[in-house]
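For reference, structure.txt (compact mmCIF, C-alpha atoms):
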# COMPACT_ATOMS: atom_id res chain seq x y z
CA MET A 1 188.59 -70.70 13.14
CA PRO A 2 187.39 -67.98 10.75
CA VAL A 3 185.24 -69.13 7.86
CA LEU A 4 187.54 -67.46 5.34
CA ASP A 5 190.44 -69.59 6.61
CA LEU A 6 188.41 -72.71 5.69
CA VAL A 7 187.26 -71.45 2.32
CA SER A 8 190.75 -70.93 1.01
CA PRO A 9 191.91 -74.60 1.39
CA VAL A 10 188.60 -75.94 0.07
CA THR A 11 188.85 -73.63 -2.94
CA GLU A 12 192.36 -74.81 -3.63
CA ILE A 13 191.31 -78.45 -3.40
CA PHE A 14 188.39 -77.78 -5.76
CA LYS A 15 190.73 -76.05 -8.22
CA CYS A 16 192.93 -79.13 -8.21
CA LEU A 17 190.05 -81.53 -8.73
CA LEU A 18 188.11 -79.55 -11.35
CA PRO A 19 190.50 -79.91 -14.35
CA PRO A 20 190.68 -83.74 -14.09
CA ILE A 21 186.89 -83.92 -13.69
CA LEU A 22 186.32 -81.73 -16.73
CA LEU A 23 188.92 -83.74 -18.64
CA ARG A 24 187.11 -86.94 -17.71
CA ILE A 25 183.75 -85.55 -18.85
CA GLY A 26 185.35 -84.37 -22.10
CA TYR A 27 186.76 -87.85 -22.74
CA LEU A 28 183.34 -89.45 -22.23
CA ILE A 29 181.57 -86.97 -24.52
CA ARG A 30 184.16 -87.35 -27.28
CA HIS A 31 184.15 -91.14 -27.05
CA ARG A 32 180.36 -91.25 -27.12
CA ARG A 33 180.31 -89.13 -30.28
CA LYS A 34 182.94 -91.33 -31.89
CA ILE A 35 180.95 -94.46 -31.05
CA GLU A 36 177.77 -92.94 -32.51
CA LYS A 37 179.67 -92.08 -35.69
CA LEU A 38 181.06 -95.61 -35.87
CA GLY A 39 177.56 -97.03 -35.41
CA ARG A 40 176.25 -95.00 -38.37
CA LYS A 41 179.16 -96.12 -40.55
CA VAL A 42 178.59 -99.77 -39.63
CA ASP A 43 174.89 -99.47 -40.55
CA ASP A 44 175.85 -97.94 -43.93
CA LEU A 45 178.30 -100.77 -44.54
CA LYS A 46 175.71 -103.43 -43.69
CA ASN A 47 173.24 -101.91 -46.16
CA LEU A 48 175.91 -101.73 -48.87
CA ARG A 49 176.84 -105.35 -48.25
CA VAL A 50 173.22 -106.48 -48.61
CA ASP A 51 172.86 -104.52 -51.87
CA LEU A 52 176.06 -106.01 -53.28
CA GLN A 53 175.10 -109.55 -52.23
CA VAL A 54 171.83 -109.18 -54.18
CA ARG A 55 173.86 -108.23 -57.27
CA VAL A 56 176.26 -111.14 -56.75
CA ASP A 57 173.40 -113.62 -56.39
CA ALA A 58 171.76 -112.24 -59.53
CA ALA A 59 175.03 -112.49 -61.45
CA ARG A 60 175.47 -116.12 -60.43
CA ARG A 61 171.94 -116.93 -61.60
CA ASN A 62 172.89 -115.40 -64.95
CA LEU A 63 176.04 -117.57 -65.07
CA GLU A 64 178.26 -114.50 -64.84
CA SER A 65 181.67 -114.67 -63.21
CA ILE A 66 182.17 -112.90 -59.87
CA ARG A 67 185.32 -110.80 -59.64
CA ARG A 68 187.72 -111.94 -56.94
CA VAL A 69 187.98 -108.40 -55.54
CA VAL A 70 184.23 -108.46 -54.85
CA GLN A 71 184.43 -111.77 -53.00
CA VAL A 72 187.36 -110.53 -50.92
CA TRP A 73 185.46 -107.33 -50.05
CA LEU A 74 182.45 -109.32 -48.84
CA GLU A 75 184.73 -111.48 -46.66
CA ARG A 76 186.42 -108.40 -45.19
CA VAL A 77 183.07 -106.80 -44.40
CA ASP A 78 181.84 -109.97 -42.69
CA LYS A 79 185.00 -110.00 -40.59
CA GLU A 80 184.73 -106.34 -39.55
CA ILE A 81 181.01 -106.33 -38.67
CA SER A 82 180.98 -109.78 -37.06
CA LYS A 83 179.87 -109.85 -33.44
CA ASP A 84 183.27 -110.14 -31.79
CA GLU A 85 183.74 -109.12 -28.14
CA THR A 86 185.59 -105.87 -28.90
CA MET A 87 183.01 -104.71 -31.43
CA GLU A 88 180.13 -105.57 -29.11
CA ARG A 89 181.67 -103.65 -26.19
CA LEU A 90 182.30 -100.62 -28.38
CA MET A 91 178.89 -100.51 -30.05
CA SER A 92 176.92 -101.19 -26.85
CA GLY A 93 178.80 -98.53 -24.89
CA GLN A 94 179.84 -101.13 -22.30
CA ALA A 95 183.50 -100.12 -22.53
CA LEU A 96 182.51 -96.50 -21.97
CA GLN A 97 180.40 -97.41 -18.94
CA VAL A 98 183.35 -99.21 -17.34
CA LEU A 99 185.53 -96.14 -17.70
CA ASN A 100 182.77 -93.91 -16.39
CA SER A 101 182.46 -96.03 -13.25
CA GLN A 102 186.18 -95.88 -12.48
CA SER A 103 187.28 -93.33 -9.92
CA CYS A 104 190.27 -91.74 -11.55
CA PHE A 105 191.04 -88.09 -12.03
CA SER A 106 194.16 -88.02 -14.13
CA ALA A 107 194.81 -88.83 -17.75
CA THR A 108 198.22 -90.12 -16.70
CA THR A 109 196.80 -92.91 -14.54
CA SER A 110 195.84 -96.37 -15.75
CA CYS A 111 192.33 -95.00 -16.33
CA GLY A 112 193.75 -92.36 -18.65
CA SER A 113 195.64 -95.08 -20.45
CA SER A 114 192.42 -97.09 -20.81
CA ARG A 115 190.69 -94.10 -22.34
CA TYR A 116 193.54 -93.68 -24.80
CA VAL A 117 193.40 -97.36 -25.80
CA LEU A 118 189.60 -97.19 -26.20
CA GLY A 119 189.89 -94.06 -28.33
CA CYS A 120 192.48 -95.74 -30.57
CA LYS A 121 190.27 -98.81 -31.04
CA ILE A 122 187.30 -96.68 -32.04
CA GLU A 123 189.35 -94.63 -34.49
CA ARG A 124 191.01 -97.70 -36.05
CA LYS A 125 187.66 -99.44 -36.51
CA THR A 126 186.13 -96.29 -37.99
CA ILE A 127 188.99 -95.89 -40.47
CA ILE A 128 188.63 -99.53 -41.59
CA ILE A 129 184.86 -99.18 -42.03
CA GLU A 130 185.26 -95.92 -44.00
CA GLU A 131 187.85 -97.53 -46.29
CA LEU A 132 185.45 -100.40 -47.03
CA LEU A 133 182.67 -97.91 -47.78
CA GLU A 134 184.88 -95.92 -50.15
CA GLU A 135 186.05 -98.87 -52.25
CA ASP A 136 184.64 -98.62 -55.76
CA PHE A 137 184.88 -101.90 -57.63
CA LEU A 138 181.40 -102.04 -59.18
CA PRO A 139 181.98 -101.33 -62.86
CA ALA A 140 179.27 -99.85 -65.01
CA ASN A 141 177.56 -102.32 -67.30
CA PRO A 142 178.11 -100.99 -70.81
CA ASP A 143 176.70 -104.14 -72.41
CA PHE A 144 173.37 -103.31 -70.82
CA GLU A 145 173.30 -99.54 -71.04
CA SER A 146 174.49 -99.22 -74.63
CA PHE A 147 171.50 -100.98 -76.20
CA ALA A 148 168.55 -98.92 -77.38
CA SER A 149 166.13 -101.80 -76.79
CA ARG A 150 167.07 -101.85 -73.11
CA LYS A 151 166.76 -98.08 -72.73
CA VAL A 152 163.15 -98.31 -73.89
CA ALA A 153 162.37 -100.90 -71.19
CA ILE A 154 164.18 -98.86 -68.53
CA ASN A 155 162.23 -95.74 -69.42
CA GLU A 156 158.94 -97.64 -69.23
CA VAL A 157 159.73 -99.08 -65.81
CA MET A 158 160.97 -95.73 -64.48
CA ALA A 159 157.79 -94.01 -65.70
CA ALA A 160 155.63 -96.66 -64.01
CA LEU A 161 157.55 -96.26 -60.73
CA LYS A 162 157.03 -92.50 -60.80
CA ASP A 163 153.32 -92.88 -61.57
CA GLN A 164 151.29 -92.35 -58.39
CA GLY A 165 148.59 -94.62 -59.78
CA THR A 166 150.72 -97.77 -59.86
CA SER A 167 151.59 -99.99 -56.92
CA LEU A 168 152.45 -103.34 -58.55
CA ILE A 169 154.55 -103.52 -61.73
CA GLY A 170 155.29 -106.67 -63.69
CA VAL A 171 158.50 -107.00 -65.71
CA TYR A 172 158.39 -110.13 -67.85
CA GLY A 173 160.40 -111.88 -70.52
CA MET A 174 161.88 -115.25 -71.42
CA GLY A 175 164.63 -116.75 -69.30
CA GLY A 176 168.08 -115.30 -69.99
CA VAL A 177 166.75 -112.10 -71.55
CA GLY A 178 168.24 -109.94 -68.81
CA LYS A 179 165.36 -109.06 -66.45
CA THR A 180 167.52 -109.24 -63.34
CA MET A 181 170.20 -107.11 -64.96
CA LEU A 182 167.59 -104.56 -65.98
CA MET A 183 166.16 -104.34 -62.45
CA ASN A 184 169.66 -103.93 -61.01
CA GLU A 185 170.04 -100.93 -63.30
CA ILE A 186 166.62 -99.63 -62.25
CA SER A 187 167.61 -100.01 -58.59
CA LYS A 188 170.73 -97.98 -59.21
CA GLN A 189 168.88 -95.22 -61.05
CA VAL A 190 166.05 -94.76 -58.54
CA GLN A 191 168.59 -94.45 -55.73
CA GLU A 192 170.66 -91.94 -57.66
CA GLU A 193 167.54 -89.89 -58.44
CA LYS A 194 166.32 -90.33 -54.84
CA ILE A 195 162.90 -91.52 -55.99
CA PHE A 196 162.74 -93.97 -53.06
CA ASP A 197 164.27 -93.75 -49.60
CA VAL A 198 164.76 -97.52 -49.50
CA VAL A 199 165.24 -100.05 -52.31
CA VAL A 200 165.41 -103.77 -51.59
CA MET A 201 165.71 -106.65 -54.03
CA ALA A 202 164.89 -110.22 -52.99
CA ASN A 203 165.09 -113.40 -55.05
CA VAL A 204 161.94 -115.54 -55.07
CA SER A 205 162.94 -118.42 -57.41
CA GLN A 206 160.99 -121.55 -58.28
CA ASN A 207 160.99 -122.92 -54.72
CA VAL A 208 159.50 -120.07 -52.68
CA ASP A 209 161.14 -119.62 -49.26
CA LEU A 210 159.12 -116.96 -47.43
CA LYS A 211 161.50 -116.84 -44.49
CA LYS A 212 164.47 -116.14 -46.74
CA ILE A 213 162.59 -113.43 -48.65
CA GLN A 214 161.49 -111.80 -45.40
CA ALA A 215 165.04 -111.96 -44.02
CA THR A 216 166.45 -110.23 -47.11
CA ILE A 217 163.97 -107.37 -46.83
CA ALA A 218 164.33 -107.11 -43.05
CA GLU A 219 168.13 -106.94 -43.23
CA VAL A 220 168.02 -103.92 -45.53
CA LEU A 221 165.51 -102.26 -43.20
CA GLY A 222 167.67 -102.99 -40.17
CA LEU A 223 164.90 -105.11 -38.62
CA GLU A 224 167.06 -107.60 -36.74
CA ARG A 225 164.31 -108.77 -34.38
CA ILE A 226 162.57 -110.61 -37.19
CA MET A 227 165.51 -112.98 -37.59
CA LYS A 228 164.73 -114.59 -34.23
CA MET A 229 161.01 -115.07 -34.90
CA GLU A 230 159.83 -118.47 -36.09
CA ASP A 231 156.13 -117.73 -36.66
CA ARG A 232 155.62 -116.81 -40.32
CA ARG A 233 152.57 -114.62 -39.70
CA ALA A 234 154.26 -112.72 -36.90
CA ARG A 235 157.24 -112.03 -39.15
CA ALA A 236 154.94 -110.83 -41.93
CA ALA A 237 153.05 -108.53 -39.55
CA MET A 238 156.25 -106.99 -38.18
CA LEU A 239 157.72 -106.55 -41.66
CA SER A 240 154.51 -104.92 -42.92
CA ALA A 241 154.49 -102.48 -40.00
CA ARG A 242 158.12 -101.59 -40.65
CA LEU A 243 157.51 -100.98 -44.36
CA MET A 244 154.55 -98.77 -43.49
CA ASP A 245 156.94 -96.57 -41.50
CA GLU A 246 158.95 -95.80 -44.63
CA LYS A 247 157.91 -92.72 -46.57
CA SER A 248 158.91 -94.32 -49.88
CA VAL A 249 160.17 -97.85 -50.48
CA LEU A 250 160.60 -100.04 -53.55
CA VAL A 251 160.51 -103.82 -53.13
CA ILE A 252 161.79 -105.82 -56.11
CA LEU A 253 160.84 -109.51 -56.13
CA ASP A 254 163.09 -111.13 -58.69
CA ASP A 255 162.54 -114.38 -60.57
CA LEU A 256 158.90 -115.09 -59.64
CA TRP A 257 157.65 -118.41 -61.02
CA THR A 258 154.05 -118.36 -59.84
CA GLN A 259 151.19 -115.88 -59.74
CA ASN A 260 149.92 -117.48 -56.53
CA LEU A 261 152.46 -115.82 -54.25
CA ASN A 262 150.55 -113.92 -51.59
CA LEU A 263 152.34 -110.64 -50.91
CA TYR A 264 150.55 -110.37 -47.56
CA ASP A 265 152.28 -113.60 -46.48
CA VAL A 266 155.61 -111.96 -47.29
CA GLY A 267 154.72 -108.88 -45.25
CA ILE A 268 154.30 -106.35 -48.06
CA PRO A 269 151.49 -103.91 -47.22
CA ARG A 270 148.85 -103.09 -49.78
CA GLY A 271 147.41 -99.61 -49.91
CA HIS A 272 150.50 -97.84 -48.54
CA GLN A 273 151.08 -95.02 -51.03
CA GLY A 274 154.80 -94.98 -50.39
CA CYS A 275 155.37 -98.71 -51.02
CA LYS A 276 155.70 -100.01 -54.58
CA VAL A 277 156.44 -103.54 -55.74
CA ALA A 278 158.11 -104.66 -58.95
CA ILE A 279 158.21 -108.33 -59.89
CA THR A 280 160.21 -110.07 -62.60
CA THR A 281 158.86 -113.23 -64.13
CA ARG A 282 158.93 -115.31 -67.28
CA MET A 283 155.15 -115.10 -67.45
CA ARG A 284 152.99 -112.12 -68.30
CA ILE A 285 150.73 -112.24 -65.27
CA GLN A 286 147.61 -110.21 -64.56
CA ALA A 287 147.71 -110.53 -60.78
CA CYS A 288 149.90 -111.70 -57.92
CA ASN A 289 147.36 -113.66 -55.93
CA SER A 290 144.64 -111.04 -55.28
CA TRP A 291 146.88 -108.06 -56.02
CA ILE A 292 146.22 -106.80 -59.55
CA VAL A 293 149.25 -105.89 -61.66
CA ASP A 294 148.87 -102.23 -62.64
CA LYS A 295 151.44 -102.24 -65.42
CA ASN A 296 153.14 -105.02 -67.39
CA ILE A 297 156.40 -104.27 -69.19
CA GLU A 298 158.08 -106.72 -71.53
CA VAL A 299 161.84 -107.13 -71.77
CA GLY A 300 162.39 -108.38 -75.30
CA VAL A 301 165.41 -110.02 -76.90
CA LEU A 302 168.21 -107.98 -78.42
CA THR A 303 168.08 -106.95 -82.05
CA GLU A 304 170.34 -108.70 -84.56
CA ASP A 305 172.84 -105.83 -84.56
CA GLU A 306 172.83 -105.59 -80.75
CA SER A 307 173.38 -109.33 -80.50
CA TRP A 308 176.31 -109.21 -82.90
CA ASP A 309 177.94 -106.31 -81.01
CA LEU A 310 177.58 -108.07 -77.65
CA PHE A 311 178.93 -111.37 -79.00
CA LYS A 312 181.94 -109.68 -80.64
CA LYS A 313 182.77 -107.83 -77.44
CA ASN A 314 182.91 -111.06 -75.44
CA VAL A 315 184.53 -113.35 -78.01
CA GLY A 316 187.27 -110.84 -78.85
CA ASP A 317 189.24 -110.76 -82.08
CA SER A 318 188.74 -113.85 -84.19
CA PRO A 319 190.25 -114.84 -87.55
CA ASP A 320 188.38 -114.03 -90.76
CA THR A 321 187.82 -117.75 -91.31
CA GLN A 322 185.53 -117.74 -88.25
CA LEU A 323 183.52 -114.67 -89.28
CA GLU A 324 180.69 -116.58 -90.94
CA LEU A 325 180.60 -119.07 -88.09
CA SER A 326 180.56 -116.20 -85.57
CA ARG A 327 177.56 -114.65 -87.27
CA HIS A 328 175.78 -117.99 -87.29
CA ILE A 329 176.40 -118.61 -83.56
CA ALA A 330 175.34 -115.06 -82.63
CA ASN A 331 172.10 -115.46 -84.58
CA GLU A 332 171.42 -118.85 -82.99
CA CYS A 333 171.55 -117.22 -79.53
CA LYS A 334 168.15 -115.73 -80.42
CA GLY A 335 168.99 -112.33 -78.94
CA LEU A 336 169.49 -113.66 -75.39
CA PRO A 337 172.25 -111.70 -73.59
CA ILE A 338 173.09 -114.57 -71.25
CA ALA A 339 173.75 -116.91 -74.20
CA LEU A 340 175.72 -114.30 -76.16
CA VAL A 341 177.96 -113.43 -73.21
CA THR A 342 178.49 -117.01 -72.00
CA LEU A 343 179.26 -118.45 -75.44
CA GLY A 344 181.36 -115.48 -76.47
CA ARG A 345 183.62 -115.90 -73.46
CA ALA A 346 183.70 -119.68 -73.80
CA LEU A 347 184.78 -119.53 -77.47
CA ARG A 348 187.39 -116.81 -77.00
CA ASN A 349 190.73 -117.96 -78.51
CA LYS A 350 189.39 -121.49 -79.14
CA ASP A 351 189.95 -123.61 -82.28
CA ASN A 352 187.48 -124.15 -85.13
CA LEU A 353 186.50 -127.61 -83.92
CA LEU A 354 184.90 -126.22 -80.77
CA TRP A 355 183.24 -123.44 -82.77
CA GLU A 356 181.70 -125.91 -85.21
CA ASP A 357 180.51 -128.18 -82.42
CA THR A 358 178.91 -125.22 -80.60
CA ALA A 359 177.14 -124.10 -83.79
CA LEU A 360 175.74 -127.60 -84.27
CA GLN A 361 174.46 -127.81 -80.67
CA LEU A 362 172.81 -124.41 -80.95
CA LYS A 363 171.06 -125.41 -84.15
CA ASN A 364 169.44 -128.32 -82.34
CA ALA A 365 168.67 -126.34 -79.16
CA THR A 366 165.22 -125.07 -78.18
CA PHE A 367 164.37 -121.93 -76.28
CA THR A 368 161.49 -121.43 -73.89
CA TYR A 369 159.43 -118.40 -74.81
CA ILE A 370 157.11 -116.31 -72.70
CA GLU A 371 154.12 -117.96 -71.13
CA VAL A 372 150.93 -115.99 -70.66
CA ALA A 373 149.12 -116.66 -67.40

Give the structure from this file in structure tokens form.
Amino acid sequence: MPVLDLVSPVTEIFKCLLPPILLRIGYLIRHRRKIEKLGRKVDDLKNLRVDLQVRVDAARRNLESIRRVVQVWLERVDKEISKDETMERLMSGQALQVLNSQSCFSATTSCGSSRYVLGCKIERKTIIIEELLEEDFLPANPDFESFASRKVAINEVMAALKDQGTSLIGVYGMGGVGKTMLMNEISKQVQEEKIFDVVVMANVSQNVDLKKIQATIAEVLGLERIMKMEDRRARAAMLSARLMDEKSVLVILDDLWTQNLNLYDVGIPRGHQGCKVAITTRMRIQACNSWIVDKNIEVGVLTEDESWDLFKKNVGDSPDTQLELSRHIANECKGLPIALVTLGRALRNKDNLLWEDTALQLKNATFTYIEVA
């Protein structure tokens, strides 16, 4: 049989097989790209969730109410990024590998149907993740930003963070003065101005839990391996190495109660030019263990006029008969935003009896001022 007689049938067979093969390769490439895009969106959502949870925790410590829409959003995010079977198969590429191993050459077969179903799942999940990322329910904080006394503190902290000669910054003030709120605002500004590639805020509190602090920082950095490690020193070493990889990172340790906290035990590297640490505390401390504080910045109480404006905003319209009492209560709050906001909201639309009782309790109350360590 002539060779040309054989070539013609083989060529025809190849022509029939080539389009389905190319179609199959195209499906795999497109699905892989979609999965990679979904993975990036999920990582962005995880980071946003961590950042919001820090704000929620700080708000609760300040006795602020958490909007229901925020709580619902957190629940929805947890549901969408939870490790369910479908999500795991999509993100790991397992579903794609199954399709790749199947011998099918037509988009109309069951294999083609599987590809279509997989593509739909990826697109639906991506749309949901993008919608969660686009939701904007974090209102600006006019109570904080409108006060001149707070702008002075913000400017001081921002200047210290931009100063190449500072690595550890102390932000101190009496309890309830608004240190956490101020650092939340700082966190927002440095990210908007792109001063740091990564910003993480962890709560220290009176009972120091190193594992919890490390977990908070590691989650923002995407360092999941650390969650499974029990040895404290090993976690600190891994966290330090990961922070050293960042070109610029700001670690905010909020609500520090002791100057004996060893930052090395946490896993925060010293001497890395790109890593800066800011701590908030009620004490004006000179060092955090052996790490000298380069700059101390005080967050003072509000002025009398600022206090009155904040109290009025939260208490709402009140009768003229309560004006003198309102002034007295606002003054007794000693310029503490947490007291002005909490009492203002509590007394809103309440009768004179409660107002008078509140004024009497405030008169007999004592406030803890700054300690110097």

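CA of Lys276 (chain A) lies 26.6 Å from CA of Lys228 (chain A).
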
May I have the residues within 7 Å of Asn296 (chain A) as an NGL selection string, using only C-alpha atoms and disregarding those fewer than 5 positions away in the same chain?
:A and (169-171)

For the selection you just gave me, I'd like the residues written to a file as a PDB file, in the frame of the given file, keeping C-alpha atoms.
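In the end it all went to out.pdb:
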ATOM      1  CA  ILE A 169     154.550-103.520 -61.730  1.00  0.00           C
ATOM      2  CA  GLY A 170     155.290-106.670 -63.690  1.00  0.00           C
ATOM      3  CA  VAL A 171     158.500-107.000 -65.710  1.00  0.00           C
TER       4      VAL A 171
END

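If only C-alpha atoms are the atoms counted, then among A:Cys288, A:Leu210, A:Leu182, A:Ile279 the closest residue to Lys151 (chain A) is A:Leu182.
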
Excluding region 217-227 of chain A and its own-chain neighbours fewer than 5 positions away, which residues fall within 7 Å of it when counting all atoms listed in the file? Please give them as a list in words.
Asn47, Val50, Val200, Ala202, Arg235 and Leu239 of chain A

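By only C-alpha atoms, and with residues fewer than 3 positions from Lys188 (chain A) along its chain excluded, the set lying at most 12 Å from it is Asp51, Leu52, Arg55, Leu138, Ala140, Asn141, Ile154, Met158, Met181, Leu182, Met183, Asn184, Glu185, Gln191, Glu192, Glu193, Lys194, Ile195, Phe196, Val198, Val199, Val200, Met201 and Leu250 of chain A.
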
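Between CA of Leu253 (chain A) and CA of Lys334 (chain A) there is a distance of 26.1 Å.
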
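Using all atoms listed in the file, the shortest contact distance between Leu302 (chain A) and any of A:Gln259, A:Asp245, A:Ile338, A:Gly274 is found at A:Ile338.
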
Identify the residues within 12 Å of coordinate (178.8, -116.7, -86.7) (same frame as the file), considering only C-alpha atoms, and give the answer as JSON, numbers by chain.
{"A": [304, 307, 308, 309, 311, 312, 315, 318, 319, 320, 321, 322, 323, 324, 325, 326, 327, 328, 329, 330, 331, 332, 333, 340, 343, 344, 347, 352, 355, 356, 358, 359, 360, 362, 363]}

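The two atoms in question, CA of Arg150 (chain A) and CA of Gly178 (chain A), are spaced 9.2 Å apart.
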
Exercise: Gly176 (chain A) partners within 8 Å, only C-alpha atoms, chain neighbours under 4 positions left out, as a ChimeraX atom specification
/A:62,336-339

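Each of A:Ala159, A:Met229, A:Cys275, A:Leu353 was checked against Gln214 (chain A) using all atoms listed in the file; the smallest atom-to-atom distance is that of A:Met229.
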
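Nearest to Val266 (chain A) of all the residues A:Leu38, A:Val177, A:Met238, A:Val249 is A:Met238, counting only C-alpha atoms.
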
From the set A:Asn349, A:Ser82, A:Gln286, A:Gln164, which residue has the shortest atom-to-atom contact distance to Lys46 (chain A), counting only C-alpha atoms?
A:Ser82
